[in-house]
Amino acid sequence: MTTAIDKKIANQRRRLPLYPALIFTIILTQIPFLVTLGISLFHWNIMYPDDTRFAWFENFQTVAADEAMRAAIKNSVVLTMGVVFFSTLLGLLLALLLDRKFRGRALLRILLITPFLITPVAAALIWKHIIFNPMYGIINGFATQIYQKFGGDSVVVIDFISQRPLVAIAVPMIWQWTPFMMLIILAGLQSQPTDILEAAAVDGASPRQIFRNMTLPHLRQYIQLSIVLGTIYIVQSMDFVFTITQGGPGSDSTIIPYQIYLTLFRKYEFGEAAAAGVIVIILTIILSSFAFRLIRNLLETEK
Amino acid sequence: MSTLKVNKPRQKSSLASRFTLSTLAWFLGLLLFFPIFWTLLISFRQEVDAGTFPPKWIAPFTIENYEKVFKVGAKSFLLNSAIASIGSTIVILALAFPAAYALSIKPIKKSKDVLTFFLSTKFLPPIAALLPIYLILQKLQLLDNILALTIFYVAMNLPLAVWLLRSFLKEIPRELVEAAELDGASTIKILYRVLVPISMPGIAATSLICFIFTWNEFLLAINVTGFSAATAPVYLVGFVTAEGLFFAQLSAVSIVVSLPVIIAGWAAQDKLVSGLSLGAVK
């Protein structure tokens, strides 16, 4: 009897250190989402406080019918997929190149992770003004120099931001996220047991065979992880859109988080914004269920 | 002997290809680093030499842009960022370390479910929580308050810290804790006398990663701060509108704002992967 009670007390005591963090997290993360869920069922615009009423799913219908929100969803999908695809591809290439011994590899690695560390707003400003500026940006500047060297007599003046707004957002984002993909894939490459690779080489397997039949299958879950985590982080951020195009021209480069931000603080349609938020939460839950599985798998194979 | 013969031709061909691959690596690396190099280069120039057409490679050196950055008042925004990121990191460590202990060395029942819960909160979209956070802060008259922002930064990165610290604590042999328990040490003593000293590398890496995420945070900061609590990214995004488009000065201020994170990231580079993948990859 006493041992059972003692055990219970001991268990309780072992759980104590967990509670502060757990309770804090539950309060600060779960309550806001429940409130969002509640608000999404109300018609609520702070400009018209008298018209506040319970509205069932009216907001969801409004959001679904909203042209700007549709454009935002389309752009979010295109932008996220484009950025994830190209940064993963480039990250894979760089990881493979870095996974060998050569002069200055450590230095190169440091240079390569730096774009990921630049404050996103600063990165967006650098690309917007210093690189993409039609008159004084270095792309048009260097392009003109090269063009004139080959006998051209005009100047290259391309306004990337107004002509191809989504590309002007995607390129800096690919630049910033490539190191992230590279680091995860590189960690995967370096976790490959070398003795097995050496054994395969001794048995006469060609480097191409080793890569296709051993390295690539081993890398698969690392590439999946980088894609899923990258997707979750990238689809949620609006730093680049906010800084580079403000969603314009028109709604050409708006994305879901930015559109919600506009609905909140420009149109003051709190109910609508909350409904859009609920849709985003549902999409995120679907996405993160993939992430869970991958992270659990990796943690289990590690043991 | 026979293996040598088989290997020789392959090694010869790989010497040339190895050189090509290293060159390709350096080419791509320098290409990706070029925007940062160029920004750094023109940040040390006078305005007339910075945004030129065509771009100039060589120009007189000056540090006046960096002096200006602190004169036009970036200082208070940098200070806000420092308070929010260092403050939240300290609170995170104080909450996350005990929690990670309960989930790692002698894990409590259902520790897997608790971990999954922590992870799930990390994936929740901040944009969907923005309105309630805004309304709560407004009601409490805490909008534009740096300490209020700091509390939400704790919530944002606490799950990450629990996961990371747990992955470090898991490596510690449980006999160490059991021995201390036999000596009659309390949980608090075990935590701060036994475990903290030997997990210093893990604590350092976790702090740096939390610091990086909070310093760069923009979405929440732009919406719940006004002038007095604005952080460095918020200041930065309004810089061109407020000061005009001055290339050299913009470069200097971008470098100054990013520098703390760059240094933290370089220092934590071995642990960066583990932090970014929530401890799933070592």
# chains A, B, ... in the order shown; residues from 1 in each chain; ligands from 1
>>> interface_residues(of="chain A", to="chain B", cutoff="7 Å", atoms="only C-alpha atoms", output="PyMOL selection string")
chain A and resi 14-15+17-18+20-21+25+28-29+32-33+35-36+94+97+102+108+110-112+114+117-122+130+136+138+141-142+145+183-184+187+236+239+243+257+274+277-278+281+284+288+295+298-299
>>> write_last_selection(atoms="C-alpha atoms", output="short mmCIF file (atom, residue, chain, number, x, y, z; two decimals), in the first residue's frame")
data_model
loop_
_atom_site.label_atom_id
_atom_site.label_comp_id
_atom_site.auth_asym_id
_atom_site.auth_seq_id
_atom_site.Cartn_x
_atom_site.Cartn_y
_atom_site.Cartn_z
CA ARG A 14 8.84 13.98 -11.40
CA ARG A 15 6.11 15.68 -13.41
CA PRO A 17 9.25 20.49 -13.55
CA LEU A 18 7.13 20.09 -16.68
CA PRO A 20 5.35 25.71 -15.78
CA ALA A 21 6.31 25.30 -19.43
CA THR A 25 2.27 27.07 -23.59
CA LEU A 28 -0.56 31.42 -24.68
CA THR A 29 -0.97 29.23 -27.74
CA PRO A 32 -5.75 32.74 -29.08
CA PHE A 33 -6.73 30.03 -31.56
CA VAL A 35 -10.76 33.02 -29.73
CA THR A 36 -10.05 33.15 -33.49
CA LEU A 94 25.34 22.45 -52.66
CA LEU A 97 29.31 19.57 -53.40
CA PHE A 102 38.49 20.28 -50.47
CA LEU A 108 32.68 28.13 -47.88
CA ILE A 110 30.16 29.71 -43.39
CA LEU A 111 29.67 31.93 -46.46
CA LEU A 112 26.84 29.69 -47.64
CA THR A 114 25.02 33.53 -44.14
CA LEU A 117 20.98 34.49 -41.15
CA ILE A 118 20.34 37.91 -42.67
CA THR A 119 17.24 39.45 -41.08
CA PRO A 120 14.48 38.69 -43.66
CA VAL A 121 13.36 42.31 -43.85
CA ALA A 122 16.97 43.38 -44.46
CA ILE A 130 20.37 47.35 -54.24
CA TYR A 136 20.73 51.83 -59.92
CA ILE A 138 23.36 45.92 -59.82
CA GLY A 141 24.07 47.79 -64.02
CA PHE A 142 26.20 44.73 -64.68
CA GLN A 145 28.22 46.75 -68.79
CA LEU A 183 22.10 22.22 -43.98
CA ILE A 184 19.44 19.54 -43.42
CA ALA A 187 23.40 16.51 -42.16
CA GLN A 236 3.52 31.47 -42.97
CA ASP A 239 8.23 39.60 -44.65
CA THR A 243 8.74 44.70 -47.95
CA PRO A 257 -0.87 36.00 -44.43
CA ALA A 274 -10.64 35.25 -38.29
CA GLY A 277 -7.24 32.39 -40.09
CA VAL A 278 -9.28 29.27 -39.34
CA ILE A 281 -5.02 26.62 -39.31
CA THR A 284 -1.39 23.93 -41.47
CA SER A 288 2.22 19.42 -40.13
CA ILE A 295 10.28 13.80 -37.35
CA LEU A 298 13.92 10.18 -37.91
CA LEU A 299 13.95 10.09 -34.12
#
>>> residues_around(residues="Trp56 of chain A", least_positions_apart="4", cutoff="9 Å", atoms="only C-alpha atoms", output="list of chain:residue names")
A:Ser40, A:Leu41, A:Phe42, A:His43, A:Phe60
>>> residues_around(residues="segment 165-168 of chain A", least_positions_apart="2", cutoff="9 Å", atoms="only C-alpha atoms", output="CSV table (one decimal) with C-alpha atoms, in the first residue's frame")
chain,number,residue,atom,x,y,z
A,75,ASN,CA,-0.1,33.1,-55.1
A,78,VAL,CA,2.7,29.1,-56.5
A,79,LEU,CA,5.2,31.1,-54.4
A,127,TRP,CA,17.2,42.7,-53.1
A,128,LYS,CA,14.5,45.3,-53.7
A,132,PHE,CA,16.5,44.9,-58.4
A,160,PHE,CA,11.5,43.3,-62.2
A,161,ILE,CA,9.3,44.3,-59.3
A,162,SER,CA,6.5,45.7,-61.3
A,163,GLN,CA,6.8,43.4,-64.3
A,170,ALA,CA,10.6,34.3,-55.1
A,171,VAL,CA,14.3,34.9,-56.0
A,172,PRO,CA,15.3,36.5,-52.7
A,241,VAL,CA,5.8,40.4,-49.7
A,244,ILE,CA,9.1,44.2,-51.7
A,245,THR,CA,5.7,44.6,-53.3
A,247,GLY,CA,1.0,42.6,-52.5
A,248,GLY,CA,0.9,44.7,-55.7
A,249,PRO,CA,0.5,45.7,-58.4
A,252,ASP,CA,-0.8,40.2,-58.3
A,253,SER,CA,1.6,39.3,-55.5
A,254,THR,CA,-0.5,39.2,-52.4
>>> atom_distance(atom1="atom CA of Gly91 of chain A", atom2="atom CA of Met181 of chain A")
5.0 Å
>>> residues_around(residues="Ser76 of chain A", least_positions_apart="4", cutoff="12 Å", atoms="only C-alpha atoms", output="number ranges by chain")
A: 68-72, 80-84, 166, 169-170, 231-232, 234-238, 241, 247, 251-259, 280
>>> write_last_selection(atoms="C-alpha atoms", output="compact mmCIF listing (two decimals), in the first residue's frame")
# COMPACT_ATOMS: atom_id res chain seq x y z
CA ALA A 68 -8.32 39.18 -53.47
CA MET A 69 -8.33 36.21 -51.10
CA ARG A 70 -8.53 33.81 -54.05
CA ALA A 71 -5.59 35.55 -55.67
CA ALA A 72 -3.77 35.30 -52.34
CA THR A 80 5.64 28.44 -51.72
CA MET A 81 5.97 25.59 -54.20
CA GLY A 82 8.37 27.54 -56.38
CA VAL A 83 10.56 28.65 -53.48
CA VAL A 84 10.59 25.19 -51.88
CA LEU A 166 6.12 37.09 -57.84
CA ILE A 169 9.70 37.94 -54.30
CA ALA A 170 10.61 34.32 -55.06
CA THR A 231 6.84 24.66 -46.67
CA ILE A 232 5.45 25.32 -43.20
CA ILE A 234 7.66 29.74 -45.95
CA VAL A 235 3.87 29.68 -46.33
CA GLN A 236 3.52 31.47 -42.97
CA SER A 237 5.91 34.35 -43.54
CA MET A 238 5.00 37.64 -45.19
CA VAL A 241 5.82 40.42 -49.74
CA GLY A 247 1.03 42.58 -52.52
CA SER A 251 -3.46 41.73 -56.02
CA ASP A 252 -0.81 40.24 -58.30
CA SER A 253 1.58 39.27 -55.52
CA THR A 254 -0.55 39.15 -52.41
CA ILE A 255 -0.35 36.01 -50.26
CA ILE A 256 -2.59 34.55 -47.54
CA PRO A 257 -0.87 36.00 -44.43
CA TYR A 258 -0.57 39.41 -46.08
CA GLN A 259 -4.21 39.35 -47.16
CA VAL A 280 -5.04 28.61 -42.57
>>> residues_around(residues="Gln221 of chain A", least_positions_apart="6", cutoff="9 Å", atoms="only C-alpha atoms", output="PDB file with N, CA and C atoms, in the first residue's frame")
ATOM      1  N   GLY A 188      22.062  14.918 -43.424  1.00  0.00           N
ATOM      2  CA  GLY A 188      21.666  13.587 -43.849  1.00  0.00           C
ATOM      3  C   GLY A 188      22.816  12.854 -44.531  1.00  0.00           C
ATOM      4  N   LEU A 294       7.455  12.474 -40.220  1.00  0.00           N
ATOM      5  CA  LEU A 294       8.865  12.477 -40.600  1.00  0.00           C
ATOM      6  C   LEU A 294       9.773  12.617 -39.389  1.00  0.00           C
ATOM      7  N   ASN A 297       9.786   9.456 -37.395  1.00  0.00           N
ATOM      8  CA  ASN A 297      10.577   8.428 -38.087  1.00  0.00           C
ATOM      9  C   ASN A 297      12.064   8.631 -37.860  1.00  0.00           C
ATOM     10  N   LEU A 298      12.491   9.891 -38.050  1.00  0.00           N
ATOM     11  CA  LEU A 298      13.918  10.181 -37.908  1.00  0.00           C
ATOM     12  C   LEU A 298      14.381   9.910 -36.490  1.00  0.00           C
TER      13      LEU A 298
END
>>> atom_distance(atom1="atom CA of Ser191 of chain A", atom2="atom CA of Leu216 of chain A")
12.7 Å
>>> select_by_dssp(residues="segment 6-188 of chain A", states="strand (DSSP E)", output="list in words")
Phe42, His43, Arg53 and Phe54 of chain A
>>> atom_distance(atom1="atom CA of Gln190 of chain A", atom2="atom CA of Asp99 of chain A")
7.3 Å
>>> select_by_dssp(residues="segment 29-250 of chain B", states="alpha helix (DSSP H)", output="NGL selection string")
:B and (29-43 or 47-50 or 64-71 or 74-104 or 111-123 or 126-139 or 146-169 or 174-182 or 187-189 or 196-198 or 200-216 or 219-224 or 232-237 or 239-243 or 247-250)
